[in-house]
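Below: one structure, written as structure tokens.
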Amino acid sequence: MNNTNDTGQRPVFFVSDRTGITAETLGATLLTQFDERQFRQSTLPFINSADKARQALEYIEHTGRTLGTRPIVFSTTVSDEVREILREGNVVFLDLFDAFVPQLEAALEAKSSHQMGRAHGIADQAVYESRIEAMNFALTHDDGVGENGYAKAEVILMAPSRCGKTPVCIYMAMQHGIFAANYPLTEDEFESRHLPPALAPHRDKLYGLYIGADRLHQIRSERRRGSQYAAMGQVSYELRQAESLYKRHRIPFVETTNRSIEEVAAVIMQDRGLRRRSF
């Protein structure tokens, strides 16, 4: 077979009988142990019948022929029939259920249910509704809005603009059901050297974010290139003042420059003793 893949990337497919979230998460985690530039990743959700499996396999194999390499397939399908169809293709087939379920069945002395969609279904309606409420809370109390609701917050993130407060709050709400608010630090706080009046009563909920000046300069420049807001001098000043404010008031903070949203959230939850709600 002639290699026609000019990019040198290996095609990787995450195949699932539901959303594909589990396959993506587990498969992508394994791929982080290799150079991520080696892979071209795609997700094929809702492959829950033999016909869909054959169509998916035809597409996967066509991609392999076009790129001149065997695709890698991560599967979390529970159907034996679907798995057998995929396994017989000209692919590197890695089934994540095959890898673990047999050992669990042996240890538990029980057969698995083989029910589709259990990983991301609604196991508890009340808990699910609580997660939706947490999402609404994060959106309602974003960027200093809704200060009257801080009493209900479990954590309040504070940092200069564009340091990642909003995505971390939304992630904690969506994935963990945490009621998270955030507050932007501005010139007023830097000049007064005091905590904002809205935050002072909630000192035990506060958590700071810090990011490298070069990275923040880049982020702000993408939004307002050439402005004072994005100038390196302004960025460096705000970060110095924010760090000084954190230390003066003994507010824990985390460096986010080279951390993913997931890792930042995990650090905050660990430090604050926040626990994920089971879904």
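Following the order of the structure tokens, first chain is A, next is B, and so on, with residues numbered from 1 inside each chain and ligands from 1 in the order they appear.
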
DSSP-assigned alpha helix (DSSP H) members of stretch 11-64 of chain A, reported as a ChimeraX atom specification: /A:21-31,50-64

Spatial neighbours of A:Pro102, 9 Å, only C-alpha atoms, chain gap at least 4 places, as a list of chain:residue names: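 Counting only the stated atoms, we get A:Phe97, A:Asp98, A:Ala106, A:Ala107, A:Lys111, A:Ser112.
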
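In terms of minimum interatomic distance to A:Arg259, A:Gly164 ranks closest within A:Thr186, A:Gly208, A:Gly164, A:Met158, counting only C-alpha atoms.
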
Please identify the strand (DSSP E or B) residues within stretch 11-203 of chain A (assignment by DSSP from backbone atoms) and present them as a short mmCIF file (atom, residue, chain, number, x, y, z; two decimals) with N, CA and C atoms, in the first residue's frame.
```cif
data_model
loop_
_atom_site.label_atom_id
_atom_site.label_comp_id
_atom_site.auth_asym_id
_atom_site.auth_seq_id
_atom_site.Cartn_x
_atom_site.Cartn_y
_atom_site.Cartn_z
N PRO A 11 -5.12 8.16 11.39
CA PRO A 11 -6.53 8.40 11.70
C PRO A 11 -6.96 7.59 12.92
N VAL A 12 -7.65 8.25 13.83
CA VAL A 12 -8.15 7.63 15.04
C VAL A 12 -9.65 7.89 15.13
N PHE A 13 -10.42 6.84 15.37
CA PHE A 13 -11.87 6.96 15.47
C PHE A 13 -12.35 6.51 16.84
N PHE A 14 -13.21 7.33 17.44
CA PHE A 14 -13.86 6.96 18.70
C PHE A 14 -15.29 6.54 18.34
N VAL A 15 -15.60 5.27 18.51
CA VAL A 15 -16.88 4.73 18.08
C VAL A 15 -17.70 4.33 19.31
N PHE A 39 -1.86 12.20 15.27
CA PHE A 39 -3.21 11.66 15.13
C PHE A 39 -4.20 12.67 14.54
N ARG A 40 -5.13 12.13 13.76
CA ARG A 40 -6.28 12.90 13.27
C ARG A 40 -7.52 12.22 13.84
N GLN A 41 -8.15 12.85 14.82
CA GLN A 41 -9.19 12.20 15.61
C GLN A 41 -10.59 12.56 15.14
N SER A 42 -11.47 11.53 15.12
CA SER A 42 -12.87 11.72 14.74
C SER A 42 -13.74 10.87 15.65
N THR A 43 -14.96 11.34 15.90
CA THR A 43 -15.91 10.61 16.74
C THR A 43 -17.11 10.18 15.90
N LEU A 44 -17.48 8.91 16.04
CA LEU A 44 -18.66 8.36 15.35
C LEU A 44 -19.65 7.89 16.41
N ILE A 72 -6.88 3.54 13.75
CA ILE A 72 -7.05 3.05 15.12
C ILE A 72 -8.48 3.33 15.55
N VAL A 73 -9.15 2.32 16.09
CA VAL A 73 -10.54 2.46 16.51
C VAL A 73 -10.65 2.18 18.00
N PHE A 74 -11.10 3.18 18.77
CA PHE A 74 -11.44 3.00 20.17
C PHE A 74 -12.95 2.83 20.26
N SER A 75 -13.38 1.75 20.85
CA SER A 75 -14.82 1.44 20.88
C SER A 75 -15.33 1.31 22.31
N VAL A 92 -6.97 -1.19 13.60
CA VAL A 92 -6.45 -1.56 14.91
C VAL A 92 -7.59 -1.33 15.89
N PHE A 93 -8.24 -2.41 16.33
CA PHE A 93 -9.47 -2.31 17.11
C PHE A 93 -9.17 -2.45 18.60
N LEU A 94 -9.52 -1.42 19.36
CA LEU A 94 -9.29 -1.41 20.80
C LEU A 94 -10.63 -1.18 21.50
N ASP A 95 -11.18 -2.25 22.03
CA ASP A 95 -12.48 -2.15 22.69
C ASP A 95 -12.27 -1.98 24.19
N VAL A 155 -17.76 28.11 45.48
CA VAL A 155 -16.45 28.69 45.22
C VAL A 155 -16.65 29.92 44.34
N ILE A 156 -15.81 30.93 44.56
CA ILE A 156 -15.86 32.15 43.75
C ILE A 156 -14.46 32.39 43.20
N LEU A 157 -14.32 32.29 41.90
CA LEU A 157 -13.03 32.50 41.26
C LEU A 157 -12.81 33.98 41.02
N MET A 158 -11.58 34.44 41.24
CA MET A 158 -11.25 35.83 41.00
C MET A 158 -9.93 35.90 40.23
N ALA A 159 -9.85 36.86 39.30
CA ALA A 159 -8.65 37.01 38.48
C ALA A 159 -8.87 38.20 37.54
N ALA A 180 -20.45 27.54 41.14
CA ALA A 180 -19.26 28.38 41.02
C ALA A 180 -19.60 29.72 40.39
N ALA A 181 -19.13 30.79 41.03
CA ALA A 181 -19.27 32.14 40.51
C ALA A 181 -17.88 32.69 40.20
N ASN A 182 -17.81 33.80 39.50
CA ASN A 182 -16.51 34.41 39.28
C ASN A 182 -16.59 35.92 39.26
N TYR A 183 -15.46 36.54 39.61
CA TYR A 183 -15.41 38.00 39.76
C TYR A 183 -14.15 38.53 39.08
N PRO A 184 -14.28 39.53 38.20
CA PRO A 184 -13.10 40.08 37.51
C PRO A 184 -12.41 41.15 38.36
#
```

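Distance check against A:Tyr246 using only C-alpha atoms: of A:Gly233, A:Pro167, A:Gly177, A:Pro160, the minimum falls on A:Pro160.
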
Residue nearest A:Leu239 among A:Gly212, A:Pro71, A:Pro45, A:Gly144 (counting only C-alpha atoms):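 For A:Leu239, the nearest of the given residues is A:Gly212.
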
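Minimum atom-to-atom distance to A:Tyr207, evaluated using only C-alpha atoms, belongs to A:Ile251 out of A:Leu67, A:Ile251, A:Leu108, A:Ile60.
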
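Nearest residue to A:Ser260 among A:Asp214, A:Ser16, A:Val168, A:His176 is A:Val168, counting only C-alpha atoms.
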
For A:Arg215, the nearest of the candidates A:Arg240, A:Thr256, A:Leu96, A:Phe190, counting only C-alpha atoms: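 When distances to A:Arg215 are compared using only C-alpha atoms, the smallest one comes from A:Thr256.
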
Stretch 17-19 of chain A surroundings by only C-alpha atoms, 6 Å radius, close-in-sequence under 6 positions cut, as a list in words: Pro45, Phe46, Ile47, Asn48, Thr77 and Gly117 of chain A

d(atom CA of A:Glu187, atom CA of A:Ser244) in Å: 13.4 Å

Contacts of A:Pro201 within 12 Å, only C-alpha atoms, excl. fewer than 5 positions in-chain, as a VMD selection string: chain A and resid 147 to 148 150 to 151 156 195 to 196 206

Atomic distance atom CA of A:Met135 - atom CA of A:Ile268, expressed in Å with one decimal: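 Atom CA of A:Met135 sits 17.4 Å away from atom CA of A:Ile268.
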